[in-house]
$ cat start-v8.cif   # mmCIF, C-alpha atoms and all ligand atoms
data_query
#
loop_
_atom_site.label_atom_id
_atom_site.label_comp_id
_atom_site.auth_asym_id
_atom_site.auth_seq_id
_atom_site.Cartn_x
_atom_site.Cartn_y
_atom_site.Cartn_z
CA MET A 145 -34.12 7.01 1.22
CA LEU A 146 -32.22 7.60 -2.01
CA LYS A 147 -35.44 7.62 -4.03
CA VAL A 148 -36.91 10.34 -1.83
CA PHE A 149 -33.91 12.60 -2.35
CA LEU A 150 -33.80 12.00 -6.07
CA ASN A 151 -37.42 13.05 -6.37
CA SER A 152 -37.03 16.15 -4.22
CA THR A 153 -35.70 19.63 -4.95
CA LYS A 154 -32.05 20.61 -5.28
CA GLN A 155 -32.03 22.34 -1.88
CA ARG A 156 -33.11 19.16 -0.15
CA ILE A 157 -30.39 17.15 -1.90
CA ALA A 158 -27.79 19.65 -0.66
CA VAL A 159 -28.20 18.63 2.99
CA PRO A 160 -26.92 15.04 2.74
CA VAL A 161 -24.15 16.13 0.39
CA VAL A 162 -22.84 18.67 2.93
CA LEU A 163 -23.02 16.05 5.68
CA ALA A 164 -21.08 13.58 3.55
CA VAL A 165 -18.36 16.16 2.86
CA LEU A 166 -18.07 16.97 6.58
CA ALA A 167 -17.81 13.26 7.44
CA VAL A 168 -14.98 12.78 4.95
CA ALA A 169 -13.17 15.92 6.13
CA SER A 170 -13.27 14.90 9.78
CA SER A 171 -12.21 11.30 9.17
CA SER A 172 -9.05 12.37 7.37
CA ALA A 173 -8.05 15.65 8.99
CA LEU A 174 -4.43 15.43 7.75
CA ALA A 175 -5.32 14.28 4.25
CA ALA A 176 -4.61 16.50 1.27
CA GLY A 177 -6.61 14.58 -1.30
CA ASP A 178 -10.31 14.31 -2.11
CA PRO A 179 -11.37 10.63 -2.12
CA ALA A 180 -14.52 11.24 -4.17
CA ALA A 181 -12.53 12.92 -6.94
CA GLY A 182 -9.90 10.19 -6.56
CA LYS A 183 -12.43 7.42 -7.21
CA ALA A 184 -13.19 8.79 -10.67
CA LYS A 185 -9.52 9.41 -11.42
CA ALA A 186 -8.64 5.84 -10.41
CA ALA A 187 -10.81 4.33 -13.17
CA SER A 188 -7.72 3.53 -15.26
CA CYS A 189 -6.12 1.73 -12.30
CA ALA A 190 -9.02 -0.65 -11.63
CA GLY A 191 -8.00 -3.19 -14.27
CA CYS A 192 -5.06 -4.20 -12.08
CA HIS A 193 -5.66 -2.79 -8.58
CA GLY A 194 -9.44 -3.35 -8.52
CA VAL A 195 -12.19 -0.77 -8.16
CA ASP A 196 -11.90 -1.01 -4.36
CA GLY A 197 -8.11 -1.52 -4.20
CA LYS A 198 -8.15 -5.32 -4.13
CA ALA A 199 -5.68 -6.37 -6.81
CA LEU A 200 -6.80 -8.76 -9.54
CA LEU A 201 -3.55 -10.74 -9.59
CA PRO A 202 -1.43 -11.81 -6.60
CA GLU A 203 1.67 -10.20 -8.16
CA TYR A 204 -0.07 -6.80 -8.05
CA PRO A 205 -0.32 -4.87 -4.77
CA ASN A 206 -3.60 -4.30 -2.97
CA LEU A 207 -3.98 -0.56 -2.36
CA ALA A 208 -7.07 -0.62 -0.13
CA ALA A 209 -6.43 0.93 3.30
CA GLN A 210 -2.81 1.69 2.44
CA HIS A 211 -1.72 5.04 3.89
CA GLU A 212 -2.40 8.08 1.76
CA SER A 213 1.12 9.39 2.43
CA TYR A 214 2.74 6.14 1.28
CA ILE A 215 0.62 5.76 -1.90
CA ALA A 216 1.39 9.37 -2.87
CA LYS A 217 5.12 8.86 -2.25
CA GLN A 218 5.19 5.75 -4.45
CA LEU A 219 3.39 7.50 -7.33
CA ARG A 220 5.85 10.40 -7.16
CA ASP A 221 8.75 7.91 -7.03
CA TYR A 222 7.46 6.16 -10.18
CA GLN A 223 7.18 9.56 -11.88
CA SER A 224 10.72 10.59 -10.98
CA GLY A 225 12.17 7.15 -11.73
CA GLU A 226 13.35 6.73 -8.13
CA ARG A 227 11.23 3.54 -8.10
CA LYS A 228 11.54 1.71 -11.39
CA ASN A 229 8.73 -0.29 -13.01
CA ALA A 230 7.78 -0.11 -16.66
CA ILE A 231 4.01 -0.48 -16.13
CA MET A 232 3.76 1.99 -13.26
CA ALA A 233 6.08 4.55 -14.86
CA GLY A 234 3.60 4.73 -17.71
CA MET A 235 0.56 4.86 -15.43
CA ALA A 236 2.01 7.56 -13.14
CA ALA A 237 3.39 9.78 -15.91
CA ALA A 238 0.08 11.47 -16.74
CA LEU A 239 -0.97 12.21 -13.13
CA SER A 240 -0.92 15.76 -11.77
CA GLU A 241 0.03 16.52 -8.17
CA GLN A 242 -3.66 16.87 -7.33
CA ASP A 243 -4.52 13.59 -9.11
CA ILE A 244 -1.92 11.80 -6.98
CA ASP A 245 -3.32 13.22 -3.72
CA ASP A 246 -6.92 12.44 -4.71
CA ILE A 247 -6.22 8.88 -5.86
CA ALA A 248 -4.13 8.21 -2.74
CA ALA A 249 -6.97 9.51 -0.55
CA TYR A 250 -9.46 7.27 -2.37
CA TYR A 251 -7.56 4.01 -1.98
CA ALA A 252 -6.65 4.87 1.62
CA SER A 253 -10.36 5.22 2.39
CA GLN A 254 -11.24 1.71 1.15
CA PRO A 255 -11.78 -1.07 3.70
CA ALA A 256 -8.72 -3.20 4.48
CA ILE A 257 -8.40 -6.59 2.78
CA SER A 258 -7.92 -9.69 4.88
CA GLY A 259 -5.82 -12.46 3.41
CA VAL A 260 -5.43 -16.01 4.64
CA ALA A 261 -2.00 -17.46 5.43
CA ASP A 262 -0.95 -21.06 4.89
CA GLU A 263 -0.24 -23.16 7.96
CA GLU A 264 3.14 -24.16 6.51
CA GLY A 265 5.98 -21.92 7.70
CA LEU A 266 3.61 -19.69 9.66
CA GLN A 267 5.49 -19.96 12.95
CA LYS A 268 8.80 -19.16 11.27
CA GLY A 269 7.31 -16.10 9.58
CA MET A 270 5.78 -14.88 12.82
CA ASP A 271 9.02 -15.34 14.76
CA ILE A 272 11.02 -13.25 12.27
CA TYR A 273 8.31 -10.63 11.86
CA ARG A 274 8.02 -10.09 15.61
CA GLY A 275 11.56 -10.80 16.78
CA GLY A 276 13.92 -10.46 13.81
CA ILE A 277 16.82 -12.89 13.46
CA SER A 278 19.39 -12.40 16.18
CA GLY A 279 22.83 -13.22 14.90
CA ALA A 280 21.95 -12.32 11.30
CA GLY A 281 21.30 -8.67 12.12
CA VAL A 282 17.69 -8.77 10.92
CA PRO A 283 15.51 -6.38 12.95
CA ALA A 284 11.90 -7.14 13.85
CA CYS A 285 9.62 -6.03 11.03
CA SER A 286 7.04 -5.07 13.65
CA GLY A 287 9.40 -2.32 14.87
CA CYS A 288 8.49 -0.24 11.82
CA HIS A 289 5.45 -1.95 10.27
CA GLY A 290 3.63 -2.53 13.58
CA ALA A 291 2.64 -5.73 15.37
CA ASN A 292 -0.52 -5.96 13.26
CA GLY A 293 1.08 -4.73 10.05
CA LYS A 294 -0.70 -1.37 10.09
CA GLY A 295 2.50 0.63 9.47
CA ASN A 296 3.00 4.25 10.46
CA PRO A 297 1.50 6.91 8.19
CA ALA A 298 3.36 9.83 9.78
CA ALA A 299 6.70 8.12 9.09
CA THR A 300 5.53 6.83 5.66
CA TRP A 301 6.16 3.23 6.77
CA PRO A 302 3.62 1.24 4.76
CA ALA A 303 0.88 -1.02 6.03
CA LEU A 304 1.58 -4.64 5.09
CA ALA A 305 -1.42 -6.43 6.61
CA GLY A 306 -3.33 -8.54 4.09
CA GLN A 307 -0.94 -7.74 1.24
CA ASN A 308 -0.56 -10.43 -1.44
CA ALA A 309 2.30 -12.79 -0.60
CA ALA A 310 3.47 -13.00 -4.23
CA TYR A 311 3.77 -9.18 -4.37
CA ILE A 312 5.66 -9.07 -1.04
CA ILE A 313 8.11 -11.70 -2.27
CA LEU A 314 8.80 -9.63 -5.41
CA GLN A 315 9.40 -6.47 -3.37
CA LEU A 316 11.72 -8.14 -0.84
CA GLU A 317 13.69 -9.66 -3.72
CA GLN A 318 13.90 -6.26 -5.40
CA PHE A 319 15.12 -4.56 -2.20
CA ARG A 320 17.65 -7.38 -1.74
CA SER A 321 19.03 -6.96 -5.28
CA THR A 322 18.75 -3.13 -4.87
CA GLU A 323 16.60 -3.04 -8.02
CA ARG A 324 14.16 -1.20 -5.72
CA ALA A 325 16.10 1.56 -4.01
CA ASN A 326 13.53 4.21 -3.11
CA ASP A 327 13.60 3.39 0.62
CA PRO A 328 14.93 6.34 2.65
CA ASN A 329 18.31 5.59 4.29
CA ALA A 330 18.27 2.12 2.68
CA MET A 331 15.94 1.06 5.49
CA MET A 332 14.55 -1.92 3.56
CA ARG A 333 17.62 -2.78 1.48
CA SER A 334 19.67 -3.25 4.64
CA VAL A 335 16.98 -5.60 6.03
CA ALA A 336 16.33 -7.57 2.82
CA GLU A 337 20.02 -8.20 2.05
CA ARG A 338 20.13 -10.40 5.15
CA LEU A 339 17.11 -12.56 4.25
CA THR A 340 17.24 -15.97 2.54
CA ASP A 341 14.64 -17.08 -0.01
CA ALA A 342 13.06 -19.37 2.59
CA GLU A 343 12.82 -16.53 5.11
CA ILE A 344 11.25 -14.22 2.52
CA LYS A 345 8.68 -16.90 1.70
CA ALA A 346 7.80 -17.46 5.37
CA LEU A 347 7.53 -13.72 6.06
CA SER A 348 5.31 -13.10 3.04
CA ASN A 349 2.91 -15.86 4.02
CA TYR A 350 2.68 -14.60 7.60
CA ILE A 351 2.13 -10.98 6.53
CA MET A 352 -0.68 -11.94 4.14
CA GLY A 353 -2.63 -13.33 7.10
CA LEU A 354 -2.04 -10.30 9.34
CA HIS A 355 -4.99 -8.04 10.07
C1 LIG B 401 -1.43 -3.02 -15.95
C2 LIG B 401 -1.53 -3.15 -14.51
C3 LIG B 401 -1.48 -1.88 -13.68
C4 LIG B 401 -2.22 -0.72 -13.84
C5 LIG B 401 -3.24 -0.39 -14.91
C6 LIG B 401 -1.86 0.13 -12.71
N1 LIG B 401 -0.95 -0.50 -11.91
FE1 LIG B 401 -0.17 0.22 -10.16
N2 LIG B 401 1.04 -1.41 -10.01
C7 LIG B 401 1.09 -2.44 -10.92
C8 LIG B 401 2.21 -3.31 -10.58
C9 LIG B 401 2.62 -4.57 -11.33
C10 LIG B 401 2.83 -2.74 -9.44
C11 LIG B 401 4.11 -3.22 -8.73
C12 LIG B 401 5.27 -2.60 -9.49
C13 LIG B 401 6.62 -2.68 -8.79
O1 LIG B 401 7.09 -3.78 -8.53
O2 LIG B 401 7.16 -1.60 -8.46
C14 LIG B 401 2.06 -1.56 -9.10
C15 LIG B 401 2.34 -0.74 -8.02
C16 LIG B 401 1.59 0.36 -7.66
C17 LIG B 401 1.77 1.13 -6.45
C18 LIG B 401 2.77 0.85 -5.35
C19 LIG B 401 2.06 0.09 -4.23
C20 LIG B 401 2.91 -0.29 -3.07
O3 LIG B 401 2.38 -1.00 -2.19
O4 LIG B 401 4.08 0.08 -3.00
C21 LIG B 401 0.85 2.13 -6.47
C22 LIG B 401 0.65 3.20 -5.42
C23 LIG B 401 0.09 2.00 -7.70
N3 LIG B 401 0.56 0.90 -8.39
C24 LIG B 401 -0.93 2.86 -8.09
C25 LIG B 401 -1.56 2.80 -9.34
C26 LIG B 401 -2.45 3.82 -9.83
C27 LIG B 401 -2.84 5.06 -9.05
C28 LIG B 401 -2.84 3.44 -11.08
C29 LIG B 401 -3.75 4.19 -12.04
C30 LIG B 401 -3.37 5.56 -12.37
C31 LIG B 401 -2.19 2.16 -11.36
N4 LIG B 401 -1.41 1.82 -10.29
C32 LIG B 401 -2.37 1.41 -12.51
C33 LIG B 401 0.21 -2.66 -11.97
C34 LIG B 401 -0.68 -1.72 -12.45
C1 LIG B 402 13.60 0.64 10.00
C2 LIG B 402 12.22 0.47 9.58
C3 LIG B 402 11.84 -0.80 8.82
C4 LIG B 402 12.04 -2.11 9.21
C5 LIG B 402 12.75 -2.64 10.44
C6 LIG B 402 11.41 -2.91 8.18
N1 LIG B 402 10.85 -2.11 7.22
FE1 LIG B 402 9.84 -2.72 5.56
N2 LIG B 402 9.69 -0.80 4.90
C7 LIG B 402 10.16 0.31 5.59
C8 LIG B 402 9.95 1.49 4.77
C9 LIG B 402 10.31 2.91 5.16
C10 LIG B 402 9.34 1.06 3.57
C11 LIG B 402 8.88 1.93 2.39
C12 LIG B 402 10.04 2.42 1.55
C13 LIG B 402 9.56 3.39 0.48
O1 LIG B 402 9.34 4.55 0.81
O2 LIG B 402 9.35 2.96 -0.66
C14 LIG B 402 9.18 -0.38 3.70
C15 LIG B 402 8.62 -1.19 2.71
C16 LIG B 402 8.42 -2.55 2.85
C17 LIG B 402 7.76 -3.38 1.87
C18 LIG B 402 7.17 -2.93 0.55
C19 LIG B 402 5.71 -2.58 0.76
C20 LIG B 402 4.97 -2.25 -0.51
O3 LIG B 402 3.75 -2.07 -0.43
O4 LIG B 402 5.59 -2.19 -1.59
C21 LIG B 402 7.76 -4.66 2.36
C22 LIG B 402 7.16 -5.88 1.70
C23 LIG B 402 8.43 -4.61 3.66
N3 LIG B 402 8.82 -3.33 3.91
C24 LIG B 402 8.63 -5.73 4.45
C25 LIG B 402 9.41 -5.73 5.62
C26 LIG B 402 9.76 -6.93 6.34
C27 LIG B 402 9.29 -8.32 5.96
C28 LIG B 402 10.55 -6.53 7.38
C29 LIG B 402 11.23 -7.39 8.43
C30 LIG B 402 12.11 -8.46 7.93
C31 LIG B 402 10.66 -5.08 7.30
N4 LIG B 402 9.96 -4.64 6.22
C32 LIG B 402 11.38 -4.30 8.19
C33 LIG B 402 10.73 0.30 6.85
C34 LIG B 402 11.10 -0.81 7.57
#
$ encode --input "start-v8.cif" --output "C-alpha cells"
Amino acid sequence: MLKVFLNSTKQRIAVPVVLAVLAVASSSALAAGDPAAGKAKAASCAGCHGVDGKALLPEYPNLAAQHESYIAKQLRDYQSGERKNAIMAGMAAALSEQDIDDIAAYYASQPAISGVADEEGLQKGMDIYRGGISGAGVPACSGCHGANGKGNPAATWPALAGQNAAYIILQLEQFRSTERANDPNAMMRSVAERLTDAEIKALSNYIMGLH
C-alpha cells in the first residue's frame, strides 16, 4: 500500500493525506492543537516521557491518552511558575502557545497505557477511591476522576488510569505539603491533606491498575 503511493505521482499521494487530516479533525473536534506537528515538537520530551507518552522511569508521568486540556494547562503552569519543578520549568520555557497545543494534542492522541496493580492493599485503595473515607472528610476520588480513572476533559480533571504509582505518590505528597498548589480552589490540596502515607500508597497502587 505504502509502496504504491510512494511510487505514484504527487496528486495520488494527496488523497490519503487529505483523508488522514479529516480523520484527525473529526476525532478531536474541540482540540486546538495539531497532533502531527506535536509529534515532531515532542522529540525533546521523549527521553523522559517516551516517544508514545509511556514514561521511561516510574517517577515520571505517562502522558499517553491524558486530556489535551490538562496537558496544556500543566505546561502553561510550569511556564508561569504556578506549578514548580526545576526540570519541567526548563523544558516548558522555550515552548510557544502553538507548541503547547500541538504537543498536548499529540500525547492525548496516543493509546492509553495499562498498568498492573499489586494484590497487596488493593481493596483498601479501591474502597477509598470509590467511597472516600467517611469521618476523615476524604471525598471519593471517582467523583472527579471517574470510576475508571478517565477524568473529565471539559473540567480539566486529569485522567489517572494506568499512571505510574511512584509518580502519583510524589504528586499526592506535593499536594499535601502544598509544594504543588496549581489546583483550582485547592481541590487536591484539601483532599491530600487528609491522607496518610499508607492511604496514599494504597490509592496509587489501585490507580495504576485502573483502565
Ligand atoms: C529530563 C526529564 C524530562 C524531560 C526531558 C521532560 N519532562 Fe515533562 N516531566 C518530567 C518530570 C520529572 C515531571 C514531574 C514534575 C513534577 O513533579 O511536577 C514531568 C511532568 C510533565 C507534565 C505534567 C504531567 C501531569 O500528569 O501532570 C507534562 C505535561 C510534561 N512533563 C510535558 C513535557 C513536555 C511537553 C516535554 C518536552 C518539551 C517534557 N515534559 C520533557 C520530566 C521530564
Ligand atoms: C473535587 C474534585 C477532585 C477530587 C474529589 C479529587 N481530585 Fe485529584 N485532581 C483534581 C484536579 C482538578 C486535579 C488537577 C489540578 C491541576 O490543574 O493541576 C487533580 C489532580 C490529581 C492528581 C495529579 C495528576 C497528575 O497527572 O499530575 C492526582 C494523582 C490526583 N488528583 C489524585 C486524586 C485522588 C487519589 C483522589 C481521591 C483521594 C482525588 N484526586 C480526588 C480534582 C479532584
$ closest_residue --input "start-v8.cif" --among "A:Leu314, A:Ala280, A:Ala298, A:Ser286" --to "ligand LIG 401 (chain B)" --atoms "all atoms listed in the file"
A:Leu314
$ closest_residue --input "start-v8.cif" --among "A:Ile244, A:Leu354, A:Ala256, A:Ala216" --to "Asp196 in chain A" --atoms "all atoms listed in the file"
A:Ala256
$ closest_residue --input "start-v8.cif" --among "A:Gly287, A:Pro202, A:Pro255, A:Pro302" --to "Asp327 in chain A" --atoms "all atoms listed in the file"
A:Pro302
$ residues_near_ligand --input "start-v8.cif" --ligand "ligand LIG 402 (chain B)" --cutoff "9 Å" --atoms "only C-alpha atoms and all ligand atoms" --output "MDAnalysis selection string"
chainID A and resid 205:207 210 214:215 217:218 221 227 269 272:274 276:277 282:289 295 299:304 307 309 311:316 319 324:336 338:339 343:344 347:348 351
$ axis_aligned_box --input "start-v8.cif" --around "range 263-282 of chain A" --padding-each-side "6 Å" --output "lines of an AutoDock Vina configuration file"
center_x = 11.3
center_y = -16.4
center_z = 11.6
size_x = 35.1
size_y = 27.5
size_z = 22.3
$ closest_residue --input "start-v8.cif" --among "A:Asp178, A:Glu263, A:Asp271, A:Glu203" --to "ligand LIG 401 (chain B)" --atoms "all atoms listed in the file"
A:Glu203
$ atom_distance --input "start-v8.cif" --atom1 "CA of Lys185 in chain A" --atom2 "CA of Gly306 in chain A"
24.5 Å
$ atom_distance --input "start-v8.cif" --atom1 "CA of Met352 in chain A" --atom2 "atom C11 of ligand LIG 401 (chain B)"
16.3 Å
$ decode --input "start-v8.cif" --residues "range 209-283 of chain A" --atoms "C-alpha atoms" --output "tab-separated table (two decimals), in the first residue's frame"
chain	number	residue	atom	x	y	z
A	209	ALA	CA	-4.12	9.48	26.48
A	210	GLN	CA	-4.01	12.29	29.03
A	211	HIS	CA	-6.50	15.05	28.14
A	212	GLU	CA	-5.24	17.73	25.81
A	213	SER	CA	-6.74	20.44	28.03
A	214	TYR	CA	-4.95	19.13	31.13
A	215	ILE	CA	-1.53	18.69	29.44
A	216	ALA	CA	-1.74	22.23	28.04
A	217	LYS	CA	-2.71	23.64	31.44
A	218	GLN	CA	0.25	21.94	33.13
A	219	LEU	CA	2.74	23.24	30.54
A	220	ARG	CA	1.41	26.78	30.99
A	221	ASP	CA	1.59	26.35	34.79
A	222	TYR	CA	5.25	25.27	34.54
A	223	GLN	CA	5.94	28.31	32.35
A	224	SER	CA	4.30	30.73	34.77
A	225	GLY	CA	5.79	29.06	37.85
A	226	GLU	CA	2.33	28.24	39.21
A	227	ARG	CA	3.49	24.60	39.22
A	228	LYS	CA	7.09	24.36	40.35
A	229	ASN	CA	9.59	21.79	39.06
A	230	ALA	CA	13.14	22.56	38.00
A	231	ILE	CA	13.26	20.08	35.10
A	232	MET	CA	9.88	20.98	33.65
A	233	ALA	CA	10.34	24.73	34.09
A	234	GLY	CA	13.34	24.43	31.80
A	235	MET	CA	11.57	22.19	29.30
A	236	ALA	CA	8.43	24.36	29.11
A	237	ALA	CA	10.23	27.71	28.91
A	238	ALA	CA	11.01	27.51	25.19
A	239	LEU	CA	7.52	26.39	24.06
A	240	SER	CA	5.21	28.77	22.19
A	241	GLU	CA	1.45	28.75	22.72
A	242	GLN	CA	1.07	26.78	19.49
A	243	ASP	CA	3.81	24.31	20.52
A	244	ILE	CA	1.93	23.63	23.76
A	245	ASP	CA	-1.37	22.98	21.95
A	246	ASP	CA	0.29	20.74	19.35
A	247	ILE	CA	2.29	18.68	21.85
A	248	ALA	CA	-0.77	18.31	24.09
A	249	ALA	CA	-2.82	17.11	21.11
A	250	TYR	CA	-0.11	14.60	20.20
A	251	TYR	CA	0.18	12.94	23.61
A	252	ALA	CA	-3.61	12.98	24.04
A	253	SER	CA	-3.91	11.01	20.79
A	254	GLN	CA	-1.62	8.18	21.95
A	255	PRO	CA	-3.18	4.92	23.16
A	256	ALA	CA	-3.74	4.65	26.91
A	257	ILE	CA	-1.22	2.70	28.98
A	258	SER	CA	-2.39	-0.12	31.19
A	259	GLY	CA	-0.51	-0.70	34.40
A	260	VAL	CA	-0.72	-3.66	36.75
A	261	ALA	CA	-1.54	-3.19	40.43
A	262	ASP	CA	-0.15	-5.28	43.29
A	263	GLU	CA	-2.57	-7.50	45.17
A	264	GLU	CA	-1.39	-6.01	48.47
A	265	GLY	CA	-3.55	-3.11	49.64
A	266	LEU	CA	-5.70	-3.25	46.53
A	267	GLN	CA	-9.02	-3.48	48.38
A	268	LYS	CA	-8.10	-0.54	50.62
A	269	GLY	CA	-7.16	1.58	47.60
A	270	MET	CA	-10.37	0.69	45.80
A	271	ASP	CA	-12.53	1.47	48.83
A	272	ILE	CA	-11.04	4.96	49.23
A	273	TYR	CA	-11.02	5.68	45.50
A	274	ARG	CA	-14.68	4.78	45.13
A	275	GLY	CA	-16.08	5.76	48.52
A	276	GLY	CA	-13.70	8.23	50.16
A	277	ILE	CA	-13.08	7.99	53.91
A	278	SER	CA	-16.16	8.91	55.88
A	279	GLY	CA	-15.19	10.51	59.14
A	280	ALA	CA	-11.91	11.88	57.76
A	281	GLY	CA	-13.63	14.13	55.23
A	282	VAL	CA	-11.96	12.48	52.23
A	283	PRO	CA	-14.26	12.54	49.18
